[in-house]
>>> print(open('input.txt').read())   # compact mmCIF, C-alpha atoms
# COMPACT_ATOMS: atom_id res chain seq x y z
CA MET A 1 0.00 0.00 0.00
CA ASN A 2 1.14 3.57 -0.67
CA ASP A 3 0.76 6.78 1.37
CA THR A 4 -2.58 7.73 -0.21
CA GLU A 5 -4.08 4.30 0.46
CA TYR A 6 -3.04 4.37 4.11
CA MET A 7 -4.47 7.89 4.41
CA ARG A 8 -7.79 6.69 3.02
CA LEU A 9 -7.90 4.06 5.74
CA ALA A 10 -7.40 6.87 8.26
CA ILE A 11 -10.26 8.82 6.62
CA GLU A 12 -12.62 5.87 7.05
CA LEU A 13 -11.63 5.62 10.71
CA ALA A 14 -12.24 9.37 11.18
CA LYS A 15 -15.81 9.06 9.86
CA GLN A 16 -16.69 6.86 12.85
CA GLY A 17 -16.52 9.98 15.02
CA CYS A 18 -19.21 11.72 12.94
CA GLY A 19 -21.76 13.46 15.16
CA TRP A 20 -19.92 12.74 18.40
CA VAL A 21 -16.83 14.99 18.27
CA ASN A 22 -18.39 18.42 17.44
CA PRO A 23 -17.16 21.11 17.70
CA ASN A 24 -13.87 19.22 17.30
CA PRO A 25 -12.86 17.83 13.91
CA MET A 26 -13.18 14.22 12.82
CA VAL A 27 -9.69 12.72 12.76
CA GLY A 28 -8.36 9.24 12.00
CA ALA A 29 -4.85 7.80 12.40
CA VAL A 30 -3.03 4.70 11.18
CA ILE A 31 0.45 3.60 12.31
CA VAL A 32 2.54 1.49 9.91
CA LYS A 33 5.83 -0.27 10.61
CA ASN A 34 7.76 -2.44 8.16
CA GLY A 35 4.79 -2.48 5.78
CA ARG A 36 2.36 -3.66 8.45
CA ILE A 37 -0.38 -1.72 10.26
CA ILE A 38 0.40 -1.86 13.97
CA GLY A 39 -2.09 0.68 15.29
CA ARG A 40 -5.36 2.40 14.40
CA GLY A 41 -7.43 5.05 16.14
CA TYR A 42 -9.84 7.91 15.70
CA HIS A 43 -11.22 10.78 17.76
CA GLN A 44 -14.27 9.11 19.28
CA LYS A 45 -15.95 11.78 21.37
CA TYR A 46 -15.54 15.45 22.25
CA GLY A 47 -13.32 15.85 25.30
CA GLU A 48 -11.70 12.44 24.92
CA PHE A 49 -8.29 11.51 23.48
CA HIS A 50 -7.47 12.45 19.91
CA ALA A 51 -6.87 9.99 17.07
CA GLU A 52 -3.08 9.91 17.41
CA ARG A 53 -3.13 8.95 21.09
CA ASN A 54 -5.82 6.33 20.48
CA ALA A 55 -3.79 4.81 17.64
CA LEU A 56 -0.66 4.72 19.84
CA SER A 57 -2.53 3.11 22.72
CA ASN A 58 -3.80 0.42 20.32
CA CYS A 59 -0.35 -0.41 18.93
CA GLN A 60 0.47 -4.10 18.80
CA THR A 61 4.20 -3.40 19.07
CA LEU A 62 6.56 -0.49 19.76
CA ALA A 63 6.04 2.41 17.35
CA THR A 64 9.76 3.27 17.20
CA GLY A 65 10.69 3.99 13.58
CA ALA A 66 7.09 3.70 12.36
CA THR A 67 5.08 6.02 10.10
CA LEU A 68 1.95 7.76 11.38
CA TYR A 69 -0.79 8.63 8.89
CA VAL A 70 -3.18 11.23 10.30
CA THR A 71 -5.97 13.10 8.52
CA LEU A 72 -5.35 16.43 10.30
CA GLU A 73 -2.20 18.17 11.53
CA PRO A 74 -1.42 16.98 15.09
CA CYS A 75 -2.30 19.45 17.83
CA CYS A 76 0.50 21.05 19.85
CA HIS A 77 -1.44 22.78 22.64
CA HIS A 78 -3.08 21.77 25.90
CA GLY A 79 -6.87 21.72 25.57
CA LYS A 80 -9.18 19.12 27.07
CA THR A 81 -6.39 16.62 26.29
CA PRO A 82 -2.56 16.91 26.16
CA PRO A 83 -0.83 17.81 22.87
CA CYS A 84 -0.55 14.97 20.37
CA THR A 85 2.86 16.17 19.19
CA LYS A 86 4.28 15.25 22.59
CA ALA A 87 2.90 11.70 22.37
CA ILE A 88 4.22 11.29 18.81
CA ILE A 89 7.72 12.42 19.78
CA GLU A 90 7.80 10.20 22.87
CA SER A 91 6.66 7.17 20.85
CA GLY A 92 9.73 7.22 18.61
CA ILE A 93 7.72 7.57 15.40
CA SER A 94 10.13 8.68 12.67
CA ARG A 95 7.75 9.80 9.91
CA VAL A 96 4.37 11.56 9.95
CA VAL A 97 2.09 11.87 6.90
CA VAL A 98 -0.60 14.56 7.21
CA GLY A 99 -3.77 15.10 5.19
CA SER A 100 -5.21 18.51 6.15
CA SER A 101 -3.52 21.52 7.69
CA ASP A 102 -5.23 22.73 10.87
CA PRO A 103 -6.53 26.33 10.55
CA ASN A 104 -6.95 26.59 14.33
CA PRO A 105 -4.67 29.52 15.33
CA LEU A 106 -3.43 27.41 18.26
CA VAL A 107 -2.04 24.91 15.74
CA ALA A 108 -1.83 26.33 12.16
CA GLY A 109 1.53 24.83 11.18
CA LYS A 110 3.00 24.83 14.67
CA GLY A 111 2.35 21.11 15.14
CA ILE A 112 4.26 20.21 11.99
CA ALA A 113 7.07 22.63 12.89
CA ILE A 114 7.50 21.02 16.32
CA LEU A 115 7.69 17.53 14.82
CA ARG A 116 10.29 18.62 12.25
CA SER A 117 12.34 20.37 14.92
CA ARG A 118 12.66 17.00 16.65
CA GLY A 119 13.98 15.31 13.53
CA ILE A 120 10.70 13.69 12.42
CA ASP A 121 10.14 13.52 8.66
CA VAL A 122 6.77 15.15 7.87
CA MET A 123 4.93 14.89 4.55
CA GLU A 124 1.92 17.19 4.11
CA HIS A 125 -1.24 17.31 1.96
CA VAL A 126 -1.63 13.61 1.17
CA ALA A 127 -5.25 13.04 0.02
CA LYS A 128 -5.77 16.66 1.07
CA ASP A 129 -9.08 17.25 -0.74
CA GLU A 130 -10.64 14.16 0.83
CA CYS A 131 -9.36 15.09 4.28
CA ASP A 132 -10.53 18.70 3.91
CA LYS A 133 -14.01 17.54 2.86
CA LEU A 134 -14.23 15.51 6.05
CA ASN A 135 -14.10 18.65 8.21
CA GLU A 136 -15.71 21.45 6.21
CA SER A 137 -17.87 22.35 9.23
CA PHE A 138 -14.89 22.50 11.58
CA PHE A 139 -12.79 24.61 9.20
CA HIS A 140 -15.61 27.14 8.78
CA TYR A 141 -16.36 27.28 12.50
CA ILE A 142 -12.77 27.62 13.69
CA GLN A 143 -12.11 30.45 11.22
CA ASN A 144 -15.43 32.35 11.50
CA LYS A 145 -16.73 31.45 14.98
CA THR A 146 -20.18 30.89 13.45
CA PRO A 147 -21.94 27.64 12.48
CA TYR A 148 -21.53 26.03 9.09
CA VAL A 149 -25.08 26.25 7.70
CA VAL A 150 -26.59 23.65 5.38
CA MET A 151 -29.93 24.59 3.81
CA LYS A 152 -31.88 21.38 3.14
CA TYR A 153 -35.20 20.87 1.42
CA ALA A 154 -37.13 18.18 -0.47
CA MET A 155 -39.10 19.13 -3.55
CA THR A 156 -40.88 17.72 -6.56
CA MET A 157 -39.56 18.04 -10.11
CA ASP A 158 -41.78 21.09 -10.57
CA GLY A 159 -40.17 22.78 -7.56
CA LYS A 160 -42.86 22.30 -4.90
CA ILE A 161 -42.17 21.51 -1.23
CA ALA A 162 -45.87 21.02 -0.43
CA THR A 163 -49.20 20.57 -2.17
CA ARG A 164 -51.72 23.40 -2.53
CA SER A 165 -53.27 22.24 0.78
CA GLY A 166 -49.90 22.44 2.53
CA LYS A 167 -49.24 18.68 2.80
CA SER A 168 -45.63 17.57 2.42
CA ARG A 169 -45.42 14.02 3.86
CA TRP A 170 -43.82 12.39 2.10
CA ILE A 171 -42.27 13.98 -0.97
CA THR A 172 -39.20 11.75 -1.01
CA GLY A 173 -38.76 8.04 -0.40
CA GLU A 174 -37.25 6.02 2.42
CA LYS A 175 -33.61 6.18 1.28
CA ALA A 176 -33.66 9.96 1.00
CA ARG A 177 -35.31 10.30 4.40
CA HIS A 178 -32.69 8.00 5.91
CA ARG A 179 -29.99 10.28 4.50
CA VAL A 180 -31.66 13.26 6.18
CA HIS A 181 -31.49 11.51 9.55
CA GLU A 182 -27.79 10.84 8.96
CA GLU A 183 -27.39 14.59 8.46
CA ARG A 184 -29.33 15.33 11.65
CA HIS A 185 -26.86 13.07 13.46
CA ARG A 186 -23.88 14.77 11.78
CA TYR A 187 -24.73 18.41 12.46
CA THR A 188 -24.94 19.93 15.92
CA ALA A 189 -28.22 21.79 15.51
CA ILE A 190 -31.31 21.91 13.32
CA MET A 191 -33.31 25.09 12.76
CA VAL A 192 -36.82 25.88 11.51
CA GLY A 193 -39.09 28.89 11.51
CA VAL A 194 -42.27 29.13 13.55
CA GLY A 195 -44.28 28.68 10.35
CA SER A 196 -42.98 25.12 10.03
CA VAL A 197 -43.88 24.44 13.67
CA LEU A 198 -47.44 25.72 13.16
CA ALA A 199 -47.89 23.83 9.90
CA ASP A 200 -46.28 20.46 10.71
CA ASP A 201 -45.67 20.23 14.49
CA PRO A 202 -42.36 18.41 13.81
CA MET A 203 -40.13 16.51 16.25
CA LEU A 204 -36.86 17.21 14.37
CA THR A 205 -35.09 14.27 16.03
CA CYS A 206 -32.68 11.75 14.56
CA ARG A 207 -34.37 8.40 13.93
CA LEU A 208 -31.16 6.37 13.51
CA ALA A 209 -30.84 3.47 15.97
CA LYS A 210 -27.58 4.83 17.41
CA GLY A 211 -28.02 8.43 16.34
CA ARG A 212 -27.56 11.66 18.26
CA ASN A 213 -30.38 14.17 18.45
CA PRO A 214 -29.43 17.71 17.40
CA LEU A 215 -30.25 20.86 19.33
CA ARG A 216 -33.61 22.00 17.92
CA ILE A 217 -33.87 25.73 17.21
CA VAL A 218 -37.06 27.64 16.40
CA CYS A 219 -36.87 31.15 14.97
CA ASP A 220 -40.01 32.75 16.41
CA THR A 221 -39.88 36.54 16.28
CA THR A 222 -43.19 37.24 18.01
CA LEU A 223 -43.35 34.02 20.09
CA ARG A 224 -46.19 32.13 18.42
CA THR A 225 -44.93 28.60 19.13
CA PRO A 226 -47.75 26.69 20.86
CA PRO A 227 -46.73 25.56 24.37
CA GLN A 228 -48.16 22.14 23.47
CA ALA A 229 -45.96 21.79 20.34
CA LYS A 230 -43.81 18.64 20.22
CA LEU A 231 -40.62 20.68 20.18
CA VAL A 232 -41.67 22.21 23.51
CA THR A 233 -43.01 19.11 25.25
CA THR A 234 -40.18 16.71 24.33
CA THR A 235 -37.13 18.44 25.79
CA ASN A 236 -36.45 15.24 27.74
CA ILE A 237 -35.62 13.64 24.39
CA ALA A 238 -33.75 16.50 22.74
CA PRO A 239 -32.98 20.09 23.75
CA THR A 240 -34.95 22.97 22.26
CA LEU A 241 -33.89 26.60 21.87
CA ILE A 242 -36.54 29.18 21.03
CA VAL A 243 -35.15 32.36 19.51
CA THR A 244 -37.40 35.40 19.76
CA ALA A 245 -37.40 39.19 19.77
CA VAL A 246 -39.94 39.21 22.62
CA THR A 247 -38.31 40.50 25.81
CA ASP A 248 -41.27 39.99 28.16
CA ILE A 249 -40.11 37.28 30.60
CA ASN A 250 -43.73 36.38 31.38
CA ARG A 251 -44.15 35.30 27.74
CA HIS A 252 -41.07 33.06 28.13
CA ARG A 253 -42.31 31.22 31.22
CA PRO A 254 -44.37 28.42 29.55
CA TYR A 255 -41.37 27.43 27.44
CA LEU A 256 -38.89 27.64 30.28
CA ALA A 257 -41.22 25.53 32.44
CA SER A 258 -41.13 22.81 29.76
CA GLY A 259 -37.33 22.78 29.73
CA CYS A 260 -36.74 24.93 26.66
CA GLU A 261 -34.05 27.58 26.51
CA VAL A 262 -35.19 31.01 25.30
CA MET A 263 -32.76 33.35 23.56
CA VAL A 264 -33.67 36.97 22.84
CA VAL A 265 -32.20 38.33 19.61
CA PRO A 266 -33.08 41.77 18.22
CA PRO A 267 -35.15 41.91 15.04
CA LYS A 268 -34.07 43.13 11.63
CA SER A 269 -36.80 44.04 9.12
CA ASN A 270 -39.38 42.44 11.45
CA HIS A 271 -37.53 39.11 11.60
CA ILE A 272 -34.82 37.67 13.83
CA ASP A 273 -31.43 39.10 12.89
CA LEU A 274 -29.87 35.88 11.64
CA ASN A 275 -26.33 37.28 11.56
CA ILE A 276 -26.50 38.12 15.26
CA LEU A 277 -28.06 34.72 15.94
CA MET A 278 -25.19 32.92 14.18
CA LYS A 279 -22.66 34.78 16.35
CA ARG A 280 -24.58 33.84 19.49
CA LEU A 281 -24.76 30.20 18.42
CA GLY A 282 -21.04 30.20 17.71
CA GLU A 283 -20.43 31.43 21.25
CA LYS A 284 -22.42 28.39 22.44
CA GLN A 285 -20.05 26.10 20.45
CA ILE A 286 -22.70 25.31 17.85
CA ASP A 287 -20.33 24.56 14.98
CA SER A 288 -22.86 23.36 12.39
CA LEU A 289 -26.54 23.78 11.63
CA LEU A 290 -29.03 22.04 9.36
CA LEU A 291 -31.62 24.53 8.14
CA GLU A 292 -34.92 22.71 7.53
CA GLY A 293 -37.17 25.75 7.39
CA GLY A 294 -39.72 26.81 4.82
CA GLY A 295 -39.35 29.21 1.93
CA THR A 296 -39.52 32.37 4.06
CA LEU A 297 -36.70 31.37 6.42
CA ASN A 298 -34.63 30.02 3.51
CA TRP A 299 -34.90 33.35 1.69
CA SER A 300 -33.91 35.28 4.81
CA ALA A 301 -30.94 32.99 5.42
CA LEU A 302 -29.70 33.41 1.84
CA GLN A 303 -30.17 37.18 1.97
CA CYS A 304 -28.16 37.37 5.20
CA GLY A 305 -25.34 35.37 3.64
CA ILE A 306 -25.27 32.67 6.33
CA VAL A 307 -25.85 29.64 4.06
CA ASN A 308 -22.74 27.65 3.16
CA LYS A 309 -24.25 24.64 1.40
CA VAL A 310 -27.54 23.73 -0.25
CA GLN A 311 -28.94 20.18 -0.22
CA ALA A 312 -31.87 19.71 -2.61
CA TYR A 313 -33.62 16.34 -2.53
CA ILE A 314 -35.64 16.01 -5.75
CA ALA A 315 -38.43 13.46 -6.13
CA PRO A 316 -39.83 12.27 -9.49
CA LYS A 317 -43.25 13.79 -8.77
CA LEU A 318 -45.27 16.79 -9.93
CA PHE A 319 -47.67 18.73 -7.68
CA GLY A 320 -48.56 21.67 -9.90
CA GLY A 321 -50.81 24.47 -8.74
CA SER A 322 -49.91 26.96 -6.04
CA GLY A 323 -47.87 24.74 -3.74
CA LYS A 324 -45.03 26.31 -1.77
CA THR A 325 -41.49 26.56 -3.16
CA PRO A 326 -38.21 26.07 -1.26
CA VAL A 327 -37.11 29.72 -1.47
CA GLU A 328 -39.79 32.39 -1.35
CA GLY A 329 -39.42 35.98 -0.12
CA PHE A 330 -39.12 38.95 -2.47
CA GLY A 331 -36.98 37.12 -5.01
CA ILE A 332 -34.33 38.23 -7.47
CA ASP A 333 -34.96 40.79 -10.23
CA SER A 334 -32.38 39.64 -12.75
CA PRO A 335 -30.75 36.24 -13.42
CA THR A 336 -27.38 37.98 -13.13
CA ASP A 337 -28.17 38.69 -9.46
CA ALA A 338 -28.88 35.05 -8.59
CA PHE A 339 -27.40 33.28 -5.61
CA ARG A 340 -24.49 31.40 -7.18
CA LEU A 341 -23.82 27.76 -6.34
CA SER A 342 -20.98 25.41 -7.19
CA ALA A 343 -21.42 22.54 -9.63
CA PRO A 344 -23.48 19.99 -7.70
CA VAL A 345 -22.42 16.67 -6.31
CA ILE A 346 -25.21 14.30 -7.36
CA THR A 347 -26.28 11.23 -5.36
CA GLN A 348 -28.99 8.77 -6.35
CA LEU A 349 -31.14 7.72 -3.37
CA GLY A 350 -33.66 5.18 -4.59
CA GLU A 351 -35.99 7.05 -6.97
CA ASP A 352 -34.85 10.41 -5.61
CA ILE A 353 -31.78 12.50 -6.40
CA LEU A 354 -29.76 14.64 -3.99
CA PHE A 355 -28.04 17.74 -5.36
CA GLU A 356 -25.40 19.29 -3.07
CA SER A 357 -23.75 22.63 -3.89
CA GLU A 358 -21.63 25.12 -2.01
CA VAL A 359 -22.84 28.73 -1.97
CA ILE A 360 -20.12 30.64 -3.79
CA ARG A 361 -21.71 34.07 -4.18
CA CYS A 362 -24.70 35.76 -2.58
CA SER A 363 -26.81 38.22 -4.53
CA GLN A 364 -26.03 41.16 -2.26
CA GLU A 365 -22.26 40.81 -2.82
CA SER A 366 -20.58 42.96 -5.43
>>> encode(input="input.txt", output="C-alpha cells")
Amino acid sequence: MNDTEYMRLAIELAKQGCGWVNPNPMVGAVIVKNGRIIGRGYHQKYGEFHAERNALSNCQTLATGATLYVTLEPCCHHGKTPPCTKAIIESGISRVVVGSSDPNPLVAGKGIAILRSRGIDVMEHVAKDECDKLNESFFHYIQNKTPYVVMKYAMTMDGKIATRSGKSRWITGEKARHRVHEERHRYTAIMVGVGSVLADDPMLTCRLAKGRNPLRIVCDTTLRTPPQAKLVTTTNIAPTLIVTAVTDINRHRPYLASGCEVMVVPPKSNHIDLNILMKRLGEKQIDSLLLEGGGTLNWSALQCGIVNKVQAYIAPKLFGGSGKTPVEGFGIDSPTDAFRLSAPVITQLGEDILFESEVIRCSQES
C-alpha cells in the first residue's frame, strides 16, 4: 500500500466519530511499521483523546521507527487533552504523513514545525481534498466562529415543497429520508421557523438506531410557538432553543417551564437578525446547523449570507398548482443577481436524487 491508500484508511476511521466529536474535527490515524499496520485510532468523542493517542494506545508493538498517517495536523497545545505532538515524539515515530492543515490559530503549522524540529520527517497534503471535505464544518467554524449552515429541502420536479393544501409528507422516499437523519446526526443543531412548527408540528429528532439528536432551534420573532408543540413538550428527548425578539419574561415562562431555553435576539426588518443569531450560536459552540425551514426562512438565510451549502432532494413527482417553493421571499430581479452555487455533487437515493452545492456568491455581494 502507498501513502494515499493508508491515508484513506485513516479517513474511514475518522468518519466513525461523525456526530460525536463536534465542535472538534473528525480525525483518524493509522500507524505502519515495516509495511504492516500496527495501530489504528480515531477521535471518538468530544473531550476524549485524539486519534493519534488512540492509535498509539492500540499499537500491537513499539512504534519506534514507524510512520503515522493522520488526517489532520497533530495538535500542539493543551486543551481538554494533552498535545498529540508530545505523544508522537515520545513514541519514537520517525515519519508523519498529514492530510489537512489545521486552521486553528493554536495549531496552524506549529504542530508540523514542532515535529520537524525533533527530527521527524513530515509529509503534508496527502489526500488533502478528501481530508478537507471531512471537516468542512470544523474549518468554517474555527475560522469564522459561526456555524456552518446547510440549507436542506425536499421538492418535486416542478419545484414544490408542499401541495396546494400544505401537505408535504412524504415527498421523497425512504432512502432519501434515511440520509436526512444521517445529516441530523452529523450536524450539531437543526433550525426551523415558527411557520414550520405551526404547519407540521415536527419533532426534528434523529431516527437512527444509534443516532444523536441535534439541538432543535425555532426562529419565532413574536413568540407564536404553541406551548403544546412537540418541540416544547419533548425536551427530555432532545434540547430545544426558542429564539425570539420578545423580551417579556412572562411570555417566556411556559417554554422555560417545559425545559426549553429562550434566547432573545433583536429583530431586523421584522424578523430575527440571523447574523447576530449565528454569532450567538457560535459562542455556544454550535459549529454546524441544518436549516430545515420553509421558503420564508430560507430566503432570509440566503439574503443574510449565512448559508454555506444547499442540499436539494428532488423526487420524481409533480404537484402543480400553487404549492409552496423552497425559497420564497421577495426574489431576485435579474438572473445575473442570482445566488451562485458550485457545480453539484449528485447522489442517487432510490428514486430520488440529492443535489449538493456550495454557496459561492450571494446576490447582495458585489
>>> residues_around(input="input.txt", residues="Lys309 in chain A", least_positions_apart="4", cutoff="6 Å", atoms="only C-alpha atoms", output="list of chain:residue names")
A:Val150, A:Ser357, A:Glu358, A:Val359
>>> residues_around(input="input.txt", residues="Ile306 in chain A", least_positions_apart="4", cutoff="8 Å", atoms="only C-alpha atoms", output="JSON, numbers by chain")
{"A": [149, 274, 275, 278, 301, 302]}
>>> residues_around(input="input.txt", residues="Leu223 in chain A", least_positions_apart="5", cutoff="8 Å", atoms="only C-alpha atoms", output="list in words")
Thr244, Ala245, Val246 and Arg251 of chain A
>>> closest_residue(input="input.txt", among="A:Thr235, A:Asn298, A:Ser101, A:Thr222", to="Cys75 in chain A", atoms="only C-alpha atoms")
A:Ser101
>>> atom_distance(input="input.txt", atom1="CA of Gly99 in chain A", atom2="CA of His125 in chain A")
4.7 Å
>>> residues_around(input="input.txt", residues="Leu291 in chain A", least_positions_apart="2", cutoff="9 Å", atoms="all atoms listed in the file", output="PDB file with C-alpha atoms, in the frame of the given file")
ATOM      1  CA  VAL A 149     -25.080  26.250   7.700  1.00  0.00           C
ATOM      2  CA  VAL A 150     -26.590  23.650   5.380  1.00  0.00           C
ATOM      3  CA  MET A 151     -29.930  24.590   3.810  1.00  0.00           C
ATOM      4  CA  LYS A 152     -31.880  21.380   3.140  1.00  0.00           C
ATOM      5  CA  TYR A 153     -35.200  20.870   1.420  1.00  0.00           C
ATOM      6  CA  ALA A 189     -28.220  21.790  15.510  1.00  0.00           C
ATOM      7  CA  ILE A 190     -31.310  21.910  13.320  1.00  0.00           C
ATOM      8  CA  MET A 191     -33.310  25.090  12.760  1.00  0.00           C
ATOM      9  CA  VAL A 192     -36.820  25.880  11.510  1.00  0.00           C
ATOM     10  CA  LEU A 289     -26.540  23.780  11.630  1.00  0.00           C
ATOM     11  CA  GLY A 293     -37.170  25.750   7.390  1.00  0.00           C
ATOM     12  CA  LEU A 297     -36.700  31.370   6.420  1.00  0.00           C
ATOM     13  CA  ASN A 298     -34.630  30.020   3.510  1.00  0.00           C
ATOM     14  CA  ALA A 301     -30.940  32.990   5.420  1.00  0.00           C
ATOM     15  CA  VAL A 307     -25.850  29.640   4.060  1.00  0.00           C
TER      16      VAL A 307
END
>>> residues_around(input="input.txt", residues="Thr163 in chain A", least_positions_apart="2", cutoff="9 Å", atoms="all atoms listed in the file", output="PyMOL selection string")
chain A and resi 160-161+165-168+319-324
>>> closest_residue(input="input.txt", among="A:Val96, A:Ile332, A:Val310, A:Ile217", to="Pro344 in chain A", atoms="all atoms listed in the file")
A:Val310
>>> closest_residue(input="input.txt", among="A:Lys230, A:Lys80, A:Arg186, A:His140", to="Arg212 in chain A", atoms="all atoms listed in the file")
A:Arg186
>>> residues_near_point(input="input.txt", point="(-34.8, 17.8, 23.8)", cutoff="10 Å", atoms="all atoms listed in the file", output="tab-separated table (two decimals) with C-alpha atoms, keeping the file's coordinate frame")
chain	number	residue	atom	x	y	z
A	203	MET	CA	-40.13	16.51	16.25
A	204	LEU	CA	-36.86	17.21	14.37
A	205	THR	CA	-35.09	14.27	16.03
A	213	ASN	CA	-30.38	14.17	18.45
A	214	PRO	CA	-29.43	17.71	17.40
A	215	LEU	CA	-30.25	20.86	19.33
A	216	ARG	CA	-33.61	22.00	17.92
A	230	LYS	CA	-43.81	18.64	20.22
A	231	LEU	CA	-40.62	20.68	20.18
A	232	VAL	CA	-41.67	22.21	23.51
A	233	THR	CA	-43.01	19.11	25.25
A	234	THR	CA	-40.18	16.71	24.33
A	235	THR	CA	-37.13	18.44	25.79
A	236	ASN	CA	-36.45	15.24	27.74
A	237	ILE	CA	-35.62	13.64	24.39
A	238	ALA	CA	-33.75	16.50	22.74
A	239	PRO	CA	-32.98	20.09	23.75
A	240	THR	CA	-34.95	22.97	22.26
A	241	LEU	CA	-33.89	26.60	21.87
A	259	GLY	CA	-37.33	22.78	29.73
A	260	CYS	CA	-36.74	24.93	26.66
>>> atom_distance(input="input.txt", atom1="CA of His252 in chain A", atom2="CA of Pro266 in chain A")
15.4 Å
>>> closest_residue(input="input.txt", among="A:Ser117, A:Ser288, A:Thr296, A:Ser100", to="Gly195 in chain A", atoms="only C-alpha atoms")
A:Thr296
>>> atom_distance(input="input.txt", atom1="CA of Met123 in chain A", atom2="CA of Asp102 in chain A")
14.3 Å
